[in-house]
Every structure is written in C-alpha cells, then in structure tokens.
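Data block for start.cif (mmCIF, C-alpha atoms):
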data_model
loop_
_atom_site.label_atom_id
_atom_site.label_comp_id
_atom_site.auth_asym_id
_atom_site.auth_seq_id
_atom_site.Cartn_x
_atom_site.Cartn_y
_atom_site.Cartn_z
CA MET A 6 -6.01 -0.98 -25.20
CA ALA A 7 -8.37 1.07 -23.05
CA VAL A 8 -10.17 0.09 -19.86
CA GLN A 9 -11.90 -3.31 -20.07
CA ASN A 10 -14.83 -4.87 -18.20
CA GLY A 11 -14.06 -6.79 -15.00
CA ARG A 12 -15.04 -10.10 -16.60
CA ASP A 13 -12.33 -9.69 -19.27
CA LEU A 14 -8.86 -11.18 -18.80
CA LEU A 15 -6.02 -9.41 -20.62
CA ILE A 16 -3.12 -11.50 -21.92
CA LYS A 17 0.16 -9.60 -21.58
CA MET A 18 3.72 -10.50 -22.62
CA ASP A 19 7.12 -9.04 -21.87
CA MET A 20 8.26 -8.72 -25.48
CA THR A 21 11.75 -7.32 -24.82
CA GLY A 22 12.65 -8.77 -21.40
CA ASP A 23 12.86 -5.37 -19.71
CA GLY A 24 9.73 -5.82 -17.55
CA GLN A 25 7.44 -3.70 -19.72
CA PHE A 26 4.39 -5.82 -20.51
CA GLU A 27 2.35 -5.30 -23.68
CA THR A 28 -1.28 -6.39 -24.05
CA ILE A 29 -1.53 -8.82 -26.98
CA ALA A 30 -5.09 -10.10 -26.62
CA GLY A 31 -7.96 -10.61 -24.23
CA LEU A 32 -10.25 -13.41 -23.16
CA ARG A 33 -13.69 -13.50 -21.65
CA ALA A 34 -12.62 -15.60 -18.70
CA THR A 35 -15.22 -17.81 -17.14
CA ARG A 36 -12.84 -19.68 -14.83
CA LEU A 37 -9.34 -19.13 -13.47
CA GLY A 38 -7.73 -21.65 -11.12
CA PHE A 39 -4.41 -22.13 -9.33
CA ASN A 40 -3.24 -25.32 -7.65
CA ALA A 41 -0.21 -26.51 -5.67
CA GLU A 42 0.51 -30.13 -4.84
CA THR A 43 3.18 -31.78 -2.73
CA VAL A 44 5.40 -34.65 -3.97
CA ASP A 45 4.63 -37.89 -2.14
CA VAL A 46 7.69 -40.18 -1.80
CA THR A 47 6.17 -42.77 0.56
CA SER A 48 7.46 -46.31 0.04
CA LEU A 49 7.52 -49.66 1.86
CA GLU A 50 10.76 -48.52 3.52
CA SER A 51 9.19 -45.34 4.97
CA GLU A 52 9.81 -45.12 8.71
CA GLY A 53 6.76 -46.45 10.55
CA ARG A 54 5.04 -46.61 7.15
CA TRP A 55 4.04 -42.98 7.60
CA ARG A 56 3.45 -40.78 4.61
CA GLU A 57 6.61 -38.98 3.46
CA LEU A 58 6.69 -35.78 1.41
CA LEU A 59 9.68 -34.51 -0.52
CA GLY A 60 10.81 -31.34 1.28
CA GLY A 61 11.08 -28.13 -0.73
CA ALA A 62 9.45 -29.69 -3.77
CA GLY A 63 6.02 -29.47 -5.32
CA VAL A 64 4.02 -29.06 -8.47
CA ARG A 65 2.27 -25.79 -9.31
CA SER A 66 -0.28 -25.41 -12.04
CA ALA A 67 -2.68 -22.82 -13.39
CA SER A 68 -5.67 -23.23 -15.66
CA ILE A 69 -7.84 -20.80 -17.58
CA SER A 70 -11.03 -21.58 -19.42
CA GLY A 71 -13.15 -19.13 -21.30
CA SER A 72 -14.32 -18.03 -24.70
CA GLY A 73 -14.50 -14.98 -26.91
CA VAL A 74 -10.90 -14.01 -27.64
CA PHE A 75 -10.58 -10.35 -28.63
CA ARG A 76 -7.64 -8.29 -29.84
CA ASP A 77 -8.82 -4.70 -29.45
CA GLY A 78 -11.78 -2.53 -28.49
CA THR A 79 -13.46 -3.13 -31.85
CA THR A 80 -13.45 -6.93 -31.54
CA ASP A 81 -14.47 -6.65 -27.87
#

How does the structure come out when it is put into structure tokens?
Amino acid sequence: MAVQNGRDLLIKMDMTGDGQFETIAGLRATRLGFNAETVDVTSLESEGRWRELLGGAGVRSASISGSGVFRDGTTD
C-alpha cells in the first residue's frame, strides 16, 4: 500500500510474530481515543474512610470510530 492521506488510519497486523507488520486494511478515522483508569478499592474499613486505590493496577482502553473501510488504493 502506498502513501495515504493523514486522515486515514491503517490497520496493521504481525502475521508471523517476527515484528514485521503487514497492512491489511484502512479506515477513515474520525475519532481515536485512549483512556486509563485506576481501580478503586475503597470500603467501609478504609482507614479514615479515605479513598483507596489498588497500587500497580488499572484499566486501559482504546476506542476507534470511523467509516469507509478500504483495502487498497483502488478502494480508497
């Protein structure tokens, strides 16, 4: 796949596990978001009833929304 416009998001996969990624499709991305949240373990027994967070733990997520999936320069 040749050079794409900046608004295009290429979807790549490591097909063999050797770190060489291959472009399998593209998406006209309209929104890309990343989020990280802590794990709250506060309970009635929390010291001083202060908020407690679980150390070294968290939840990470990513979301993509868009339209117009394309597979090559012709469908782009």

Task: Residue nearest Leu15 of chain A among A:Ser68, A:Leu32, A:Arg54, A:Glu27 (counting only C-alpha atoms) - done: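 Nearest to Leu15 of chain A: A:Leu32.
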
- [ ] Run the PyMOL selection byres ((chain A and resi 18) around 8) against the file shown and list the residues it catches, as a ChimeraX atom specification.
- [x] /A:16-17,19-20,26-29

TODO: Could you please give me, as a ChimeraX atom specification, the residues of protein, DNA or RNA lying at most 9 Å from (-12.5, -14.1, -22.1) in the coordinate frame of the file, considering all atoms listed in the file?
DONE: /A:12-15,31-35,70-75

Open item on the list: Quick check, in Å to one decimal: how far apart do atom CA of Gly24 of chain A and atom CA of Glu42 of chain A lie?
Closed with: 28.9 Å

TODO: Have a look at atom CA of Thr47 of chain A and atom CA of Gly61 of chain A and let me know their distance in Å, one decimal.
DONE: 15.5 Å

Residues within 10 Å of Ala67 of chain A, please, as a tab-separated table (two decimals) with C-alpha atoms, keeping the file's coordinate frame. Count only C-alpha atoms; anything in the same chain fewer than 6 positions from it doesn't count.
chain	number	residue	atom	x	y	z
A	37	LEU	CA	-9.34	-19.13	-13.47
A	38	GLY	CA	-7.73	-21.65	-11.12
A	39	PHE	CA	-4.41	-22.13	-9.33
A	40	ASN	CA	-3.24	-25.32	-7.65
A	41	ALA	CA	-0.21	-26.51	-5.67

Task: Coordinates-based distance that separates atom CA of Ala62 of chain A from atom CA of Gly22 of chain A (Å, one decimal) - done: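 These atoms are spaced 27.5 Å apart.
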
Hey, could you pull the box centre and edge lengths for segment 18-35 of chain A, axis-aligned, 3 Å padding per side, all listed atoms, to one decimal in Å, as JSON?
{"center_x": -1.2, "center_y": -10.8, "center_z": -22.1, "size_x": 34.1, "size_y": 20.1, "size_z": 15.8}

- [ ] Excluding Thr43 of chain A and any residue of its chain fewer than 2 positions from it, enumerate the residues within 9 Å of it, using all atoms listed in the file, and give them as a ChimeraX atom specification.
- [x] /A:41,45,58-65
